[in-house]
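A.B. asks: Quick one, structure.cif (mmCIF, C-alpha atoms):
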```cif
data_structure
#
loop_
_atom_site.group_PDB
_atom_site.id
_atom_site.type_symbol
_atom_site.label_atom_id
_atom_site.label_comp_id
_atom_site.auth_asym_id
_atom_site.auth_seq_id
_atom_site.Cartn_x
_atom_site.Cartn_y
_atom_site.Cartn_z
ATOM 1 C CA MET A 36 104.037 125.110 103.374
ATOM 2 C CA GLN A 37 102.242 125.050 106.717
ATOM 3 C CA THR A 38 101.551 122.429 109.360
ATOM 4 C CA PHE A 39 98.208 120.902 110.220
ATOM 5 C CA LYS A 40 98.080 119.447 113.716
ATOM 6 C CA LEU A 41 95.957 116.486 114.657
ATOM 7 C CA PRO A 42 96.216 115.766 118.403
ATOM 8 C CA GLY A 43 98.054 112.547 119.166
ATOM 9 C CA HIS A 44 99.344 112.154 115.611
ATOM 10 C CA GLU A 45 102.056 113.446 113.312
ATOM 11 C CA ASP A 46 101.527 116.813 111.620
ATOM 12 C CA SER A 47 100.587 117.223 107.975
ATOM 13 C CA LEU A 48 102.470 119.592 105.680
ATOM 14 C CA LEU A 49 100.046 121.572 103.515
ATOM 15 C CA PRO A 50 100.364 124.247 100.831
ATOM 16 C CA ASP A 51 99.597 127.769 102.015
ATOM 17 C CA GLY A 52 95.919 128.564 102.422
ATOM 18 C CA LYS A 53 92.993 127.447 104.556
ATOM 19 C CA TRP A 54 92.249 123.728 104.592
ATOM 20 C CA ASN A 55 89.585 121.469 106.010
ATOM 21 C CA LEU A 56 90.214 117.781 106.754
ATOM 22 C CA VAL A 57 87.455 115.850 104.955
ATOM 23 C CA TRP A 58 88.647 112.219 105.139
ATOM 24 C CA ASN A 59 91.462 110.398 106.917
ATOM 25 C CA ASP A 60 92.664 107.172 108.404
ATOM 26 C CA GLU A 61 95.277 107.262 111.156
ATOM 27 C CA PHE A 62 95.318 103.447 111.385
ATOM 28 C CA ASP A 63 94.676 103.518 115.123
ATOM 29 C CA GLY A 64 93.793 100.327 116.945
ATOM 30 C CA THR A 65 94.468 96.805 115.746
ATOM 31 C CA GLU A 66 91.804 96.216 113.076
ATOM 32 C CA LEU A 67 91.674 97.700 109.591
ATOM 33 C CA ASP A 68 88.601 99.920 109.110
ATOM 34 C CA ARG A 69 86.697 98.083 106.388
ATOM 35 C CA THR A 70 84.226 100.955 106.044
ATOM 36 C CA LYS A 71 87.138 102.932 104.560
ATOM 37 C CA TRP A 72 89.219 100.298 102.777
ATOM 38 C CA ASP A 73 88.743 97.201 100.685
ATOM 39 C CA TYR A 74 91.359 94.906 99.171
ATOM 40 C CA ARG A 75 92.150 95.068 95.482
ATOM 41 C CA LEU A 76 92.430 91.467 94.293
ATOM 42 C CA SER A 77 91.684 91.664 90.568
ATOM 43 C CA MET A 78 92.923 93.756 87.667
ATOM 44 C CA MET A 79 91.374 94.229 84.228
ATOM 45 C CA GLY A 80 88.949 91.345 84.603
ATOM 46 C CA LYS A 81 91.305 88.771 86.108
ATOM 47 C CA ARG A 82 92.291 87.690 89.595
ATOM 48 C CA HIS A 83 95.862 88.949 89.967
ATOM 49 C CA PRO A 84 98.205 86.287 91.438
ATOM 50 C CA ALA A 85 100.393 88.869 93.242
ATOM 51 C CA TRP A 86 97.664 90.138 95.592
ATOM 52 C CA THR A 87 96.059 88.816 98.749
ATOM 53 C CA ASP A 88 93.674 90.083 101.424
ATOM 54 C CA LYS A 89 95.844 88.732 104.235
ATOM 55 C CA ALA A 90 99.044 90.801 104.132
ATOM 56 C CA VAL A 91 98.011 93.997 105.948
ATOM 57 C CA HIS A 92 97.636 94.451 109.694
ATOM 58 C CA LEU A 93 97.618 97.330 112.174
ATOM 59 C CA ASP A 94 100.468 97.288 114.683
ATOM 60 C CA GLY A 95 98.702 99.140 117.522
ATOM 61 C CA ASN A 96 101.058 102.104 117.081
ATOM 62 C CA SER A 97 99.018 103.877 114.387
ATOM 63 C CA ASN A 98 100.646 102.122 111.454
ATOM 64 C CA ALA A 99 99.254 99.916 108.712
ATOM 65 C CA VAL A 100 101.870 97.240 108.084
ATOM 66 C CA PHE A 101 102.135 95.726 104.596
ATOM 67 C CA ASP A 102 104.052 92.426 104.490
ATOM 68 C CA ILE A 103 105.102 89.807 101.979
ATOM 69 C CA ILE A 104 103.592 86.457 102.914
ATOM 70 C CA LEU A 105 103.510 83.001 101.380
ATOM 71 C CA GLU A 106 100.170 81.960 99.889
ATOM 72 C CA ASP A 107 99.954 78.630 98.079
ATOM 73 C CA GLY A 108 103.749 78.610 98.118
ATOM 74 C CA ASN A 109 104.096 81.991 96.408
ATOM 75 C CA PRO A 110 105.184 85.359 97.873
ATOM 76 C CA VAL A 111 102.281 87.836 97.706
ATOM 77 C CA SER A 112 101.296 91.183 99.227
ATOM 78 C CA SER A 113 98.258 93.463 99.493
ATOM 79 C CA GLN A 114 96.693 96.523 97.916
ATOM 80 C CA LEU A 115 94.089 98.691 99.666
ATOM 81 C CA GLN A 116 91.559 100.890 97.901
ATOM 82 C CA THR A 117 88.658 103.174 98.774
ATOM 83 C CA GLY A 118 86.795 102.492 95.521
ATOM 84 C CA TYR A 119 86.674 100.255 92.474
ATOM 85 C CA ASN A 120 87.549 100.377 88.804
ATOM 86 C CA PHE A 121 84.718 99.043 86.654
ATOM 87 C CA MET A 122 87.108 96.913 84.559
ATOM 88 C CA ASP A 123 88.759 95.039 87.431
ATOM 89 C CA GLU A 124 86.265 92.424 88.588
ATOM 90 C CA PRO A 125 86.381 89.077 86.713
ATOM 91 C CA VAL A 126 83.548 88.500 84.263
ATOM 92 C CA GLN A 127 80.869 86.032 85.295
ATOM 93 C CA ARG A 128 78.684 84.384 82.676
ATOM 94 C CA THR A 129 75.405 86.225 82.234
ATOM 95 C CA LYS A 130 72.493 86.282 79.796
ATOM 96 C CA PHE A 131 70.391 89.225 78.620
ATOM 97 C CA GLY A 132 66.901 87.806 78.712
ATOM 98 C CA ASN A 133 66.845 84.916 76.254
ATOM 99 C CA ASP A 134 69.747 86.329 74.262
ATOM 100 C CA ASP A 135 73.049 84.525 74.685
ATOM 101 C CA LEU A 136 75.110 87.707 74.977
ATOM 102 C CA GLN A 137 77.958 88.225 77.401
ATOM 103 C CA TRP A 138 78.414 91.597 79.082
ATOM 104 C CA PRO A 139 82.241 91.968 79.329
ATOM 105 C CA ILE A 140 82.120 93.675 82.724
ATOM 106 C CA GLY A 141 82.140 91.932 86.097
ATOM 107 C CA LYS A 142 80.134 92.720 89.234
ATOM 108 C CA LEU A 143 80.047 96.465 89.942
ATOM 109 C CA LYS A 144 80.613 97.646 93.514
ATOM 110 C CA LYS A 145 79.686 100.817 95.372
ATOM 111 C CA ASP A 146 82.712 102.982 96.132
ATOM 112 C CA LEU A 147 83.618 103.584 99.775
ATOM 113 C CA PHE A 148 85.174 107.029 99.206
ATOM 114 C CA THR A 149 85.813 109.107 96.114
ATOM 115 C CA HIS A 150 86.740 112.760 95.898
ATOM 116 C CA THR A 151 87.499 115.551 93.446
ATOM 117 C CA TYR A 152 90.253 118.159 93.915
ATOM 118 C CA GLY A 153 91.968 118.993 97.223
ATOM 119 C CA TYR A 154 95.209 117.903 98.876
ATOM 120 C CA TYR A 155 96.030 114.217 99.353
ATOM 121 C CA GLU A 156 98.799 113.154 101.719
ATOM 122 C CA CYS A 157 100.333 109.904 102.951
ATOM 123 C CA ARG A 158 103.056 109.541 105.571
ATOM 124 C CA CYS A 159 104.916 106.267 105.207
ATOM 125 C CA ARG A 160 108.205 104.401 105.530
ATOM 126 C CA LEU A 161 109.310 102.755 102.322
ATOM 127 C CA THR A 162 110.441 99.187 101.702
ATOM 128 C CA GLN A 163 114.058 98.347 102.455
ATOM 129 C CA TYR A 164 115.199 95.594 100.088
ATOM 130 C CA PRO A 165 116.018 96.067 96.386
ATOM 131 C CA GLU A 166 114.671 94.043 93.459
ATOM 132 C CA THR A 167 111.902 92.419 95.492
ATOM 133 C CA TRP A 168 108.718 94.481 95.721
ATOM 134 C CA TRP A 169 107.398 97.999 95.241
ATOM 135 C CA SER A 170 104.954 100.367 96.913
ATOM 136 C CA ALA A 171 102.700 103.215 95.793
ATOM 137 C CA PHE A 172 100.204 105.856 96.903
ATOM 138 C CA TRP A 173 97.920 106.810 94.026
ATOM 139 C CA MET A 174 94.425 107.541 92.753
ATOM 140 C CA GLN A 175 92.260 106.154 90.001
ATOM 141 C CA SER A 176 88.906 106.945 88.437
ATOM 142 C CA PRO A 177 86.213 104.253 88.637
ATOM 143 C CA ILE A 178 85.597 104.710 84.888
ATOM 144 C CA ILE A 179 89.055 105.538 83.561
ATOM 145 C CA GLY A 180 89.273 104.800 79.846
ATOM 146 C CA ALA A 181 85.524 104.930 79.250
ATOM 147 C CA THR A 182 86.083 108.013 77.065
ATOM 148 C CA LEU A 183 89.044 109.886 75.582
ATOM 149 C CA ASP A 184 88.274 112.925 77.751
ATOM 150 C CA PRO A 185 90.169 112.890 81.092
ATOM 151 C CA ALA A 186 87.872 115.573 82.472
ATOM 152 C CA ASP A 187 84.942 113.199 82.023
ATOM 153 C CA SER A 188 86.378 109.734 82.699
ATOM 154 C CA GLY A 189 89.339 110.583 84.937
ATOM 155 C CA THR A 190 93.075 110.058 85.185
ATOM 156 C CA GLU A 191 95.393 107.773 87.129
ATOM 157 C CA LEU A 192 97.406 109.958 89.513
ATOM 158 C CA ASP A 193 100.676 108.481 90.804
ATOM 159 C CA ILE A 194 101.499 110.494 93.912
ATOM 160 C CA MET A 195 104.248 108.129 95.090
ATOM 161 C CA GLU A 196 105.775 105.088 93.431
ATOM 162 C CA CYS A 197 108.879 103.456 94.869
ATOM 163 C CA PHE A 198 110.350 100.654 92.765
ATOM 164 C CA LYS A 199 113.824 100.849 94.335
ATOM 165 C CA PRO A 200 114.658 101.590 97.991
ATOM 166 C CA GLY A 201 115.178 105.301 98.579
ATOM 167 C CA GLU A 202 114.126 106.236 95.034
ATOM 168 C CA ILE A 203 110.817 107.872 94.130
ATOM 169 C CA ALA A 204 109.784 107.525 90.500
ATOM 170 C CA ALA A 205 108.462 110.451 88.475
ATOM 171 C CA HIS A 206 104.877 111.372 89.364
ATOM 172 C CA TYR A 207 102.907 110.123 86.380
ATOM 173 C CA THR A 208 99.413 110.755 85.112
ATOM 174 C CA HIS A 209 97.798 108.145 82.842
ATOM 175 C CA THR A 210 94.582 108.816 80.990
ATOM 176 C CA SER A 211 92.350 107.470 78.173
ATOM 177 C CA GLY A 212 92.621 103.958 79.571
ATOM 178 C CA TYR A 213 95.518 101.517 79.403
ATOM 179 C CA GLY A 214 95.359 100.434 75.797
ATOM 180 C CA LEU A 215 96.109 102.006 72.425
ATOM 181 C CA ASP A 216 94.856 105.450 73.481
ATOM 182 C CA ARG A 217 96.810 105.778 76.725
ATOM 183 C CA VAL A 218 98.476 109.130 77.364
ATOM 184 C CA SER A 219 101.176 109.205 80.073
ATOM 185 C CA ILE A 220 102.904 112.340 81.368
ATOM 186 C CA GLY A 221 105.348 112.466 84.281
ATOM 187 C CA ASP A 222 107.440 114.972 86.174
ATOM 188 C CA GLY A 223 109.695 115.050 89.209
ATOM 189 C CA GLY A 224 111.045 112.107 91.163
ATOM 190 C CA LEU A 225 113.827 111.842 93.711
ATOM 191 C CA LYS A 226 116.818 109.637 94.490
ATOM 192 C CA GLY A 227 118.715 109.241 97.752
ATOM 193 C CA LEU A 228 115.722 109.452 100.100
ATOM 194 C CA ASP A 229 116.398 108.040 103.570
ATOM 195 C CA GLN A 230 114.631 104.696 103.316
ATOM 196 C CA THR A 231 114.736 104.107 107.090
ATOM 197 C CA ALA A 232 112.689 107.236 107.895
ATOM 198 C CA PHE A 233 109.056 108.197 107.412
ATOM 199 C CA HIS A 234 108.277 110.661 104.604
ATOM 200 C CA ARG A 235 105.242 112.663 103.512
ATOM 201 C CA PHE A 236 104.009 112.392 99.932
ATOM 202 C CA GLY A 237 101.330 114.814 98.802
ATOM 203 C CA MET A 238 99.428 116.050 95.770
ATOM 204 C CA LEU A 239 97.520 119.271 95.238
ATOM 205 C CA TRP A 240 94.769 118.681 92.657
ATOM 206 C CA ASP A 241 92.782 121.632 91.358
ATOM 207 C CA LYS A 242 91.074 122.636 88.121
ATOM 208 C CA LYS A 243 94.438 123.683 86.635
ATOM 209 C CA GLY A 244 96.300 120.404 87.256
ATOM 210 C CA TYR A 245 98.423 118.576 89.781
ATOM 211 C CA THR A 246 101.371 119.614 91.952
ATOM 212 C CA PHE A 247 103.324 116.915 93.774
ATOM 213 C CA TYR A 248 105.250 117.240 97.036
ATOM 214 C CA ILE A 249 107.802 115.206 98.992
ATOM 215 C CA ASP A 250 108.232 116.225 102.636
ATOM 216 C CA GLY A 251 106.628 119.576 101.932
ATOM 217 C CA VAL A 252 108.858 120.435 98.966
ATOM 218 C CA GLU A 253 107.408 120.725 95.474
ATOM 219 C CA ASN A 254 108.629 117.824 93.343
ATOM 220 C CA GLY A 255 106.772 117.943 90.064
ATOM 221 C CA LYS A 256 103.830 119.452 88.248
ATOM 222 C CA VAL A 257 101.502 118.229 85.497
ATOM 223 C CA ASN A 258 99.005 120.680 84.017
ATOM 224 C CA THR A 259 97.379 118.465 81.399
ATOM 225 C CA SER A 260 95.037 115.452 81.561
ATOM 226 C CA VAL A 261 93.096 117.219 84.302
ATOM 227 C CA SER A 262 90.369 115.047 85.792
ATOM 228 C CA HIS A 263 87.117 116.559 87.020
ATOM 229 C CA ARG A 264 85.818 113.130 87.983
ATOM 230 C CA PRO A 265 85.630 111.845 91.611
ATOM 231 C CA GLU A 266 88.447 109.339 92.138
ATOM 232 C CA PHE A 267 89.410 106.784 94.776
ATOM 233 C CA ILE A 268 92.615 106.269 96.753
ATOM 234 C CA LEU A 269 94.932 103.274 96.669
ATOM 235 C CA ILE A 270 97.859 102.193 98.837
ATOM 236 C CA SER A 271 99.533 99.328 97.080
ATOM 237 C CA THR A 272 102.398 96.901 97.188
ATOM 238 C CA GLU A 273 103.374 94.210 94.731
ATOM 239 C CA VAL A 274 106.138 91.630 94.456
ATOM 240 C CA HIS A 275 108.260 92.057 91.335
ATOM 241 C CA GLY A 276 107.916 89.468 88.584
ATOM 242 C CA TYR A 277 104.184 88.835 88.341
ATOM 243 C CA ARG A 278 103.788 91.263 85.434
ATOM 244 C CA HIS A 279 106.604 89.724 83.430
ATOM 245 C CA GLU A 280 106.013 87.097 80.768
ATOM 246 C CA THR A 281 106.501 84.248 83.260
ATOM 247 C CA HIS A 282 104.010 85.759 85.771
ATOM 248 C CA LYS A 283 106.115 84.465 88.659
ATOM 249 C CA ALA A 284 107.635 86.196 91.666
ATOM 250 C CA VAL A 285 111.321 87.053 91.527
ATOM 251 C CA PRO A 286 113.422 84.577 93.573
ATOM 252 C CA LYS A 287 114.662 87.319 95.928
ATOM 253 C CA ALA A 288 111.134 87.815 97.239
ATOM 254 C CA PHE A 289 111.300 84.419 98.976
ATOM 255 C CA GLU A 290 114.401 85.566 100.850
ATOM 256 C CA ILE A 291 112.849 88.613 102.561
ATOM 257 C CA ILE A 292 109.600 87.160 103.896
ATOM 258 C CA GLY A 293 109.390 88.343 107.494
ATOM 259 C CA LYS A 294 112.322 90.728 107.002
ATOM 260 C CA ASP A 295 110.746 93.734 105.286
ATOM 261 C CA ASN A 296 107.534 95.746 105.353
ATOM 262 C CA PHE A 297 105.914 98.926 104.087
ATOM 263 C CA LEU A 298 104.586 101.103 106.924
ATOM 264 C CA VAL A 299 101.803 103.659 106.450
ATOM 265 C CA ASP A 300 101.229 106.110 109.293
ATOM 266 C CA TYR A 301 98.253 107.954 107.856
ATOM 267 C CA VAL A 302 96.324 108.966 104.747
ATOM 268 C CA ARG A 303 94.535 112.368 104.770
ATOM 269 C CA VAL A 304 92.397 114.329 102.335
ATOM 270 C CA PHE A 305 91.884 118.083 102.644
ATOM 271 C CA ASP A 306 89.623 120.559 100.871
ATOM 272 C CA GLN A 307 90.628 124.160 100.430
ATOM 273 C CA VAL A 308 88.250 126.510 102.254
#
```
Could you quickly redo this structure as structure tokens?
C.D. replies:
Amino acid sequence: MQTFKLPGHEDSLLPDGKWNLVWNDEFDGTELDRTKWDYRLSMMGKRHPAWTDKAVHLDGNSNAVFDIILEDGNPVSSQLQTGYNFMDEPVQRTKFGNDDLQWPIGKLKKDLFTHTYGYYECRCRLTQYPETWWSAFWMQSPIIGATLDPADSGTELDIMECFKPGEIAAHYTHTSGYGLDRVSIGDGGLKGLDQTAFHRFGMLWDKKGYTFYIDGVENGKVNTSVSHRPEFILISTEVHGYRHETHKAVPKAFEIIGKDNFLVDYVRVFDQV
């Protein structure tokens, strides 16, 4: 690995070779750059009760701060994304001419940033409390699941998922949608990571597959389900419980409001020269 220096900011750790920085957010200032990020509020055609557009702020020290807040009496958090999945927006009633036919897709949006191949890196400090909420740095295709071919319609790429403090889950790829045809393959993962420190999570994506890194050390490889489709970036948090049958936050989430956060120092995308 080698270092990439950006004046006034922490270094990146990159695989050997020549790299060019093509997109980044250092989260400088005090206002989120809405030309780079939007909030993810819906999933698979429904407004998701766990997410809000009010639980991220910049702290003035080059960090995006993700919090748990109370909204309508419920603990919620935020997800940021640079693009949109075509299945996420809720369906609004439409008509095709005089035919009473309902298109089962909501309002489509123009992506802010999508990219194919390269090295993707996030430096962040993970959440601190167990059994409350989780965080992730990942990518998704705008049309994932539209075909059975991952090269054509893309793959979900889980660069970092932390469901328990100090524990990084296996780096999974999910393709062919999220229904009966889903194919999921994972590798790597790590336990015992210092949850009080910042760490770098990266992924090298090329035409052969994906290689995942934690703090500059290789931590998994997947050489199938290779996407050749431009994909968008997500930084996400979610309170545990909303995906269970009750669709309610776990009680412990109420106890840590104002006591925990997920800090993101930067997100960077590099192309190999």
A.B. asks: Which polymer residues have any atom within 9 Å of an atom of A:Lys226, counting all atoms listed in the file, with same-chain residues fewer than 5 positions away left out, as number ranges by chain?
C.D. replies: A: 201-204
A.B. asks: Counting all atoms listed in the file, give me one row per residue of stretch 177-277 of chain A with an atom at most 12 Å from an atom of stretch 294-306 of chain A, showing the shortest contact pair and its distance in Å to one decimal, sorted by chain then residue number, as a Markdown table.
C.D. replies:
```
| residue | atom | partner | partner_atom | distance |
| --- | --- | --- | --- | --- |
| A:Cys197 | CA | A:Phe297 | CA | 10.7 |
| A:Pro200 | CA | A:Phe297 | CA | 11.0 |
| A:Gln230 | CA | A:Phe297 | CA | 10.5 |
| A:Thr231 | CA | A:Leu298 | CA | 10.6 |
| A:Ala232 | CA | A:Leu298 | CA | 10.2 |
| A:Phe233 | CA | A:Asp300 | CA | 8.3 |
| A:His234 | CA | A:Asp300 | CA | 9.6 |
| A:Arg235 | CA | A:Tyr301 | CA | 9.5 |
| A:Phe236 | CA | A:Val302 | CA | 9.7 |
| A:Gly237 | CA | A:Arg303 | CA | 9.4 |
| A:Met238 | CA | A:Val304 | CA | 9.8 |
| A:Leu239 | CA | A:Phe305 | CA | 9.4 |
| A:Trp240 | CA | A:Asp306 | CA | 9.9 |
| A:Asp241 | CA | A:Asp306 | CA | 10.1 |
| A:Phe267 | CA | A:Val304 | CA | 11.1 |
| A:Ile268 | CA | A:Val302 | CA | 9.2 |
| A:Leu269 | CA | A:Val302 | CA | 10.0 |
| A:Ile270 | CA | A:Val299 | CA | 8.7 |
| A:Ser271 | CA | A:Phe297 | CA | 9.5 |
| A:Thr272 | CA | A:Phe297 | CA | 8.0 |
| A:Glu273 | CA | A:Phe297 | CA | 10.8 |
| A:Val274 | CA | A:Asn296 | CA | 11.7 |
```
A.B. asks: What does the PyMOL selection byres ((chain A and resi 58-61) around 12) select in this file, as a VMD selection string?
C.D. replies: chain A and resid 41 to 47 55 to 57 62 to 72 93 to 99 117 147 to 150 153 to 159 267 to 268 270 298 to 306
A.B. asks: I'd like to know which of A:Lys256, A:Lys145, A:Lys283, A:Arg278 is closest to A:Leu192, using only C-alpha atoms.
C.D. replies: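 Under the stated criterion, the closest residue is A:Lys256.
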A.B. asks: Could you work out how far atom CA of A:Asp184 lies from atom CA of A:Gln307, giving the answer in Å with one decimal?
C.D. replies: 25.4 Å
A.B. asks: Translate the PyMOL selection byres ((chain A and resi 119) around 7), as applied to the file shown, into an explicit residue set as JSON, numbers by chain.
C.D. replies: {"A": [118, 120, 121, 144, 146, 177]}
A.B. asks: Could you list the residues chosen by the PyMOL selection byres ((chain A and resi 218) around 12) in this structure as a PyMOL selection string?
C.D. replies: chain A and resi 179-180+183-185+189-191+207-217+219-221+259-261
